[in-house]
$ cat data_8.pdb   # PDB, C-alpha atoms, pLDDT in the B column
ATOM      1  CA  MET Q 204      -4.266 -44.883 -13.052  1.00 60.00           C
ATOM      2  CA  ALA Q 205      -1.121 -43.367 -14.531  1.00 66.00           C
ATOM      3  CA  ALA Q 206      -0.640 -42.653 -18.226  1.00 64.00           C
ATOM      4  CA  PRO Q 207       1.072 -45.455 -20.129  1.00 70.00           C
ATOM      5  CA  LYS Q 208       4.857 -45.238 -20.494  1.00 74.00           C
ATOM      6  CA  GLY Q 209       5.988 -43.473 -23.617  1.00 72.00           C
ATOM      7  CA  SER Q 210       2.693 -41.612 -24.052  1.00 69.00           C
ATOM      8  CA  GLN Q 211       2.723 -38.206 -25.724  1.00 68.00           C
ATOM      9  CA  TYR Q 212      -0.234 -36.688 -23.843  1.00 63.00           C
ATOM     10  CA  TRP Q 213       1.827 -33.689 -22.779  1.00 60.00           C
ATOM     11  CA  LYS Q 214       1.889 -32.552 -26.425  1.00 65.00           C
ATOM     12  CA  LEU Q 215      -1.865 -31.985 -26.255  1.00 64.00           C
ATOM     13  CA  ALA Q 216      -1.420 -29.099 -23.806  1.00 59.00           C
ATOM     14  CA  LYS Q 217      -1.955 -25.734 -25.462  1.00 61.00           C
ATOM     15  CA  ARG Q 218      -0.311 -23.732 -22.653  1.00 59.00           C
ATOM     16  CA  TYR Q 219       1.867 -24.260 -19.650  1.00 58.00           C
ATOM     17  CA  GLY Q 220       0.631 -22.848 -16.352  1.00 56.00           C
ATOM     18  CA  ARG Q 221      -2.418 -20.790 -15.602  1.00 64.00           C
ATOM     19  CA  ILE Q 222      -3.728 -18.149 -18.003  1.00 66.00           C
ATOM     20  CA  LYS Q 223      -3.031 -14.657 -16.664  1.00 77.00           C
ATOM     21  CA  LYS Q 224      -6.095 -12.536 -15.932  1.00 87.00           C
ATOM     22  CA  TYR Q 225      -4.406  -9.369 -17.205  1.00 94.00           C
ATOM     23  CA  THR Q 226      -2.040  -8.161 -19.867  1.00 95.00           C
ATOM     24  CA  PRO Q 227       0.034  -5.075 -19.038  1.00 96.00           C
ATOM     25  CA  GLU Q 228      -2.441  -2.968 -21.032  1.00 97.00           C
ATOM     26  CA  THR Q 229      -5.564  -4.345 -19.336  1.00 97.00           C
ATOM     27  CA  LEU Q 230      -3.920  -4.017 -15.896  1.00 97.00           C
ATOM     28  CA  TRP Q 231      -3.232  -0.342 -16.661  1.00 97.00           C
ATOM     29  CA  ASP Q 232      -6.823   0.165 -17.859  1.00 97.00           C
ATOM     30  CA  THR Q 233      -8.065  -1.420 -14.624  1.00 97.00           C
ATOM     31  CA  ALA Q 234      -5.801   0.886 -12.605  1.00 97.00           C
ATOM     32  CA  LEU Q 235      -7.314   3.903 -14.379  1.00 97.00           C
ATOM     33  CA  GLU Q 236     -10.803   2.596 -13.569  1.00 97.00           C
ATOM     34  CA  TYR Q 237      -9.758   2.177  -9.906  1.00 97.00           C
ATOM     35  CA  ILE Q 238      -8.443   5.751  -9.783  1.00 97.00           C
ATOM     36  CA  LYS Q 239     -11.735   7.063 -11.199  1.00 97.00           C
ATOM     37  CA  TRP Q 240     -13.684   4.920  -8.728  1.00 96.00           C
ATOM     38  CA  VAL Q 241     -11.680   6.224  -5.753  1.00 95.00           C
ATOM     39  CA  GLU Q 242     -12.238   9.826  -6.854  1.00 95.00           C
ATOM     40  CA  SER Q 243     -15.953   9.207  -7.446  1.00 95.00           C
ATOM     41  CA  ASN Q 244     -16.501   7.460  -4.093  1.00 94.00           C
ATOM     42  CA  PRO Q 245     -15.219   9.653  -1.271  1.00 93.00           C
ATOM     43  CA  LEU Q 246     -15.772   8.527   2.300  1.00 90.00           C
ATOM     44  CA  PRO Q 247     -18.729  10.124   4.086  1.00 90.00           C
ATOM     45  CA  GLU Q 248     -18.100  11.735   7.459  1.00 87.00           C
ATOM     46  CA  GLU Q 249     -20.799  13.104   9.697  1.00 88.00           C
ATOM     47  CA  LYS Q 250     -19.871  16.360  11.424  1.00 86.00           C
ATOM     48  CA  ALA Q 251     -21.770  17.702  14.407  1.00 85.00           C
ATOM     49  CA  PHE Q 252     -21.928  21.396  15.177  1.00 82.00           C
ATOM     50  CA  GLY Q 253     -22.542  23.123  18.490  1.00 79.00           C
ATOM     51  CA  THR Q 254     -26.043  24.026  17.330  1.00 82.00           C
ATOM     52  CA  GLY Q 255     -26.888  20.313  17.159  1.00 81.00           C
ATOM     53  CA  LYS Q 256     -26.936  20.382  13.383  1.00 87.00           C
ATOM     54  CA  ARG Q 257     -25.316  17.379  11.671  1.00 89.00           C
ATOM     55  CA  VAL Q 258     -23.834  17.567   8.204  1.00 89.00           C
ATOM     56  CA  THR Q 259     -22.348  14.810   6.088  1.00 90.00           C
ATOM     57  CA  VAL Q 260     -19.151  15.849   4.322  1.00 88.00           C
ATOM     58  CA  SER Q 261     -17.058  13.947   1.824  1.00 90.00           C
ATOM     59  CA  LYS Q 262     -13.535  12.928   2.796  1.00 91.00           C
ATOM     60  CA  MET Q 263     -10.792  11.889   0.431  1.00 90.00           C
ATOM     61  CA  ARG Q 264     -10.501   8.125   0.018  1.00 92.00           C
ATOM     62  CA  ALA Q 265      -6.868   6.975   0.036  1.00 92.00           C
ATOM     63  CA  MET Q 266      -5.783   4.647  -2.730  1.00 94.00           C
ATOM     64  CA  THR Q 267      -4.015   1.465  -1.650  1.00 93.00           C
ATOM     65  CA  ILE Q 268      -2.363  -1.434  -3.415  1.00 95.00           C
ATOM     66  CA  LYS Q 269      -4.625  -3.872  -1.593  1.00 94.00           C
ATOM     67  CA  GLY Q 270      -7.669  -1.784  -2.471  1.00 95.00           C
ATOM     68  CA  PHE Q 271      -6.591  -1.895  -6.108  1.00 97.00           C
ATOM     69  CA  CYS Q 272      -6.135  -5.674  -5.905  1.00 96.00           C
ATOM     70  CA  ILE Q 273      -9.662  -6.113  -4.529  1.00 95.00           C
ATOM     71  CA  PHE Q 274     -11.019  -3.825  -7.260  1.00 96.00           C
ATOM     72  CA  ALA Q 275      -9.093  -5.779  -9.924  1.00 96.00           C
ATOM     73  CA  GLY Q 276     -10.169  -9.158  -8.560  1.00 95.00           C
ATOM     74  CA  ILE Q 277      -6.629 -10.386  -7.912  1.00 95.00           C
ATOM     75  CA  THR Q 278      -4.748 -11.241  -4.753  1.00 94.00           C
ATOM     76  CA  HIS Q 279      -1.961  -9.086  -3.405  1.00 95.00           C
ATOM     77  CA  GLN Q 280       0.432 -11.957  -4.138  1.00 94.00           C
ATOM     78  CA  THR Q 281      -0.638 -11.968  -7.787  1.00 94.00           C
ATOM     79  CA  PHE Q 282       0.128  -8.241  -7.969  1.00 96.00           C
ATOM     80  CA  GLU Q 283       3.555  -8.900  -6.436  1.00 94.00           C
ATOM     81  CA  ASN Q 284       4.112 -11.683  -8.970  1.00 94.00           C
ATOM     82  CA  TYR Q 285       3.435  -9.192 -11.772  1.00 94.00           C
ATOM     83  CA  THR Q 286       6.348  -7.186 -10.345  1.00 91.00           C
ATOM     84  CA  ASN Q 287       8.682 -10.058 -11.214  1.00 91.00           C
ATOM     85  CA  ASN Q 288       7.385 -10.353 -14.791  1.00 93.00           C
ATOM     86  CA  ILE Q 289       9.415  -8.229 -17.194  1.00 95.00           C
ATOM     87  CA  LEU Q 290       6.303  -7.427 -19.241  1.00 95.00           C
ATOM     88  CA  PHE Q 291       4.567  -5.886 -16.194  1.00 96.00           C
ATOM     89  CA  ILE Q 292       7.458  -4.071 -14.475  1.00 95.00           C
ATOM     90  CA  GLU Q 293       6.664  -0.658 -15.993  1.00 96.00           C
ATOM     91  CA  VAL Q 294       2.920  -0.724 -15.366  1.00 97.00           C
ATOM     92  CA  VAL Q 295       3.268  -2.050 -11.806  1.00 97.00           C
ATOM     93  CA  ALA Q 296       5.853   0.659 -11.021  1.00 96.00           C
ATOM     94  CA  ARG Q 297       3.525   3.371 -12.362  1.00 97.00           C
ATOM     95  CA  ILE Q 298       0.585   2.043 -10.339  1.00 97.00           C
ATOM     96  CA  ARG Q 299       2.716   2.046  -7.172  1.00 95.00           C
ATOM     97  CA  GLU Q 300       3.975   5.582  -7.872  1.00 95.00           C
ATOM     98  CA  ILE Q 301       0.467   6.949  -8.457  1.00 96.00           C
ATOM     99  CA  ILE Q 302      -0.850   5.375  -5.250  1.00 94.00           C
ATOM    100  CA  PHE Q 303       2.158   6.608  -3.238  1.00 91.00           C
ATOM    101  CA  THR Q 304       1.820  10.141  -4.607  1.00 91.00           C
ATOM    102  CA  GLN Q 305      -1.935  10.313  -3.994  1.00 93.00           C
ATOM    103  CA  LYS Q 306      -1.490   9.279  -0.349  1.00 89.00           C
ATOM    104  CA  PHE Q 307       1.533  11.525   0.203  1.00 86.00           C
ATOM    105  CA  GLU Q 308      -0.117  14.610  -1.282  1.00 88.00           C
ATOM    106  CA  GLY Q 309      -3.386  13.897   0.531  1.00 88.00           C
ATOM    107  CA  ALA Q 310      -1.584  13.649   3.862  1.00 84.00           C
ATOM    108  CA  ALA Q 311       0.541  16.733   3.155  1.00 84.00           C
ATOM    109  CA  ALA Q 312      -2.603  18.744   2.406  1.00 84.00           C
ATOM    110  CA  GLY Q 313      -4.285  17.508   5.581  1.00 84.00           C
ATOM    111  CA  LEU Q 314      -6.929  15.559   3.667  1.00 83.00           C
ATOM    112  CA  LEU Q 315      -5.725  12.212   5.023  1.00 80.00           C
ATOM    113  CA  GLU Q 316      -4.496  11.248   8.499  1.00 82.00           C
ATOM    114  CA  SER Q 317      -0.790  12.034   8.154  1.00 77.00           C
ATOM    115  CA  ASN Q 318       0.386   9.672  10.925  1.00 76.00           C
ATOM    116  CA  ILE Q 319      -1.281   6.639   9.363  1.00 76.00           C
ATOM    117  CA  ILE Q 320      -0.175   7.515   5.842  1.00 76.00           C
ATOM    118  CA  SER Q 321       3.433   8.234   6.866  1.00 71.00           C
ATOM    119  CA  MET Q 322       3.682   4.845   8.588  1.00 74.00           C
ATOM    120  CA  GLU Q 323       2.267   3.059   5.542  1.00 71.00           C
ATOM    121  CA  LEU Q 324       4.610   4.915   3.215  1.00 67.00           C
ATOM    122  CA  GLY Q 325       7.597   4.240   5.456  1.00 72.00           C
ATOM    123  CA  LEU Q 326       8.125   7.912   6.216  1.00 68.00           C
ATOM    124  CA  SER Q 327       8.358   7.710  10.000  1.00 61.00           C
ATOM    125  CA  ARG Q 328      10.596  10.109  11.904  1.00 59.00           C
ATOM    126  CA  LYS Q 329      13.668   8.739  13.602  1.00 58.00           C
ATOM    127  CA  GLN Q 330      14.725  10.549  16.751  1.00 58.00           C
ATOM    128  CA  GLU Q 331      18.284  10.485  17.953  1.00 57.00           C
ATOM    129  CA  ILE Q 332      19.050  11.313  21.545  1.00 54.00           C
ATOM    130  CA  SER Q 333      22.590  12.129  22.510  1.00 55.00           C
ATOM    131  CA  GLY Q 334      24.233  12.879  25.768  1.00 53.00           C
ATOM    132  CA  LEU Q 335      27.426  12.313  27.730  1.00 53.00           C
ATOM    133  CA  GLY Q 336      29.439  14.865  25.787  1.00 53.00           C
ATOM    134  CA  GLY Q 337      27.715  14.315  22.445  1.00 51.00           C
ATOM    135  CA  LYS Q 338      28.019  10.517  22.464  1.00 51.00           C
ATOM    136  CA  GLU Q 339      24.953   8.865  21.049  1.00 51.00           C
ATOM    137  CA  LEU Q 340      22.984   7.003  23.696  1.00 50.00           C
ATOM    138  CA  PHE Q 341      20.547   5.298  21.333  1.00 50.00           C
ATOM    139  CA  ASN Q 342      18.899   5.872  17.971  1.00 53.00           C
ATOM    140  CA  SER Q 343      15.982   3.470  18.039  1.00 53.00           C
ATOM    141  CA  PRO Q 344      12.761   3.274  20.027  1.00 61.00           C
ATOM    142  CA  ILE Q 345      13.217   1.943  23.567  1.00 66.00           C
ATOM    143  CA  SER Q 346      10.857   1.210  26.417  1.00 67.00           C
ATOM    144  CA  GLN Q 347       9.907   3.707  29.101  1.00 68.00           C
ATOM    145  CA  GLU Q 348      11.676   1.508  31.672  1.00 73.00           C
ATOM    146  CA  GLN Q 349      14.957   1.770  29.726  1.00 70.00           C
ATOM    147  CA  ILE Q 350      14.558   5.548  29.482  1.00 70.00           C
ATOM    148  CA  ASP Q 351      14.000   5.789  33.244  1.00 71.00           C
ATOM    149  CA  LYS Q 352      17.164   3.757  33.911  1.00 72.00           C
ATOM    150  CA  LEU Q 353      19.196   6.043  31.629  1.00 70.00           C
ATOM    151  CA  ILE Q 354      17.848   9.122  33.408  1.00 70.00           C
ATOM    152  CA  ASP Q 355      18.727   7.637  36.803  1.00 71.00           C
ATOM    153  CA  LYS Q 356      22.304   7.055  35.636  1.00 69.00           C
ATOM    154  CA  LEU Q 357      22.674  10.717  34.650  1.00 61.00           C
TER     155      LEU Q 357
END

$ encode --input "data_8.pdb" --output "structure tokens"
Amino acid sequence: MAAPKGSQYWKLAKRYGRIKKYTPETLWDTALEYIKWVESNPLPEEKAFGTGKRVTVSKMRAMTIKGFCIFAGITHQTFENYTNNILFIEVVARIREIIFTQKFEGAAAGLLESNIISMELGLSRKQEISGLGGKELFNSPISQEQIDKLIDKL
């Protein structure tokens, strides 16, 4: 049954929309906790030696935005929504920068798989192939079949 016409029930609402789980300050505090957790929980890797001896070594755990979201108990979409909120812009930008830098430096030092990290960070190499007197043939990935056809033409 609908509310009667002319009712003022809407005035009883204390807030509009859902209550946010975080303030900018508590989101930052949670990010610091996540960073400490990542550093305190490296990934175990078992190494085998020629002597048959096996040793477990600790490998650097890469920070991720999605990993942070799981740690914080929010969805990735909620994190993206914080990006559009003027109160959260600074803290979200800092979180992104810290995660980017940790992955970049880890990959550069050989502590993380550089191919995987470079793809995630959008740092892939673009190869340009030129021929026919310096004219560019293509500058984006093509199939092996297309490459074979180009070679046949030459």

$ resolve_selection --input "data_8.pdb" --expression "the PyMOL selection byres ((chain Q and resi 240-250) around 7)" --output "mmCIF file with C-alpha atoms, in the coordinates of the input"
data_model
loop_
_atom_site.group_PDB
_atom_site.id
_atom_site.type_symbol
_atom_site.label_atom_id
_atom_site.label_comp_id
_atom_site.auth_asym_id
_atom_site.auth_seq_id
_atom_site.Cartn_x
_atom_site.Cartn_y
_atom_site.Cartn_z
ATOM 1 C CA GLU Q 236 -10.803 2.596 -13.569
ATOM 2 C CA TYR Q 237 -9.758 2.177 -9.906
ATOM 3 C CA ILE Q 238 -8.443 5.751 -9.783
ATOM 4 C CA LYS Q 239 -11.735 7.063 -11.199
ATOM 5 C CA ALA Q 251 -21.770 17.702 14.407
ATOM 6 C CA PHE Q 252 -21.928 21.396 15.177
ATOM 7 C CA ARG Q 257 -25.316 17.379 11.671
ATOM 8 C CA VAL Q 258 -23.834 17.567 8.204
ATOM 9 C CA THR Q 259 -22.348 14.810 6.088
ATOM 10 C CA VAL Q 260 -19.151 15.849 4.322
ATOM 11 C CA SER Q 261 -17.058 13.947 1.824
ATOM 12 C CA LYS Q 262 -13.535 12.928 2.796
ATOM 13 C CA MET Q 263 -10.792 11.889 0.431
ATOM 14 C CA ARG Q 264 -10.501 8.125 0.018
ATOM 15 C CA MET Q 266 -5.783 4.647 -2.730
#

$ closest_residue --input "data_8.pdb" --among "Q:Lys256, Q:Ala310, Q:Ile292, Q:Asn318" --to "Leu230 in chain Q" --atoms "all atoms listed in the file"
Q:Ile292

$ resolve_selection --input "data_8.pdb" --expression "the PyMOL selection byres ((chain Q and resi 270) around 12)" --output "MDAnalysis selection string"
chainID Q and resid 234 237:238 240:241 264:269 271:279 282 302

$ atom_distance --input "data_8.pdb" --atom1 "CA of Lys223 in chain Q" --atom2 "CA of Tyr285 in chain Q"
9.8 Å

$ closest_residue --input "data_8.pdb" --among "Q:Asp355, Q:Gln280, Q:Gln349, Q:Trp231" --to "Arg299 in chain Q" --atoms "all atoms listed in the file"
Q:Trp231

$ closest_residue --input "data_8.pdb" --among "Q:Val294, Q:Phe307, Q:Gly253, Q:Thr226" --to "Met322 in chain Q" --atoms "only C-alpha atoms"
Q:Phe307

$ atom_distance --input "data_8.pdb" --atom1 "CA of Ala311 in chain Q" --atom2 "CA of Ala296 in chain Q"
22.1 Å

$ atom_distance --input "data_8.pdb" --atom1 "CA of Ser317 in chain Q" --atom2 "CA of Ile298 in chain Q"
21.1 Å
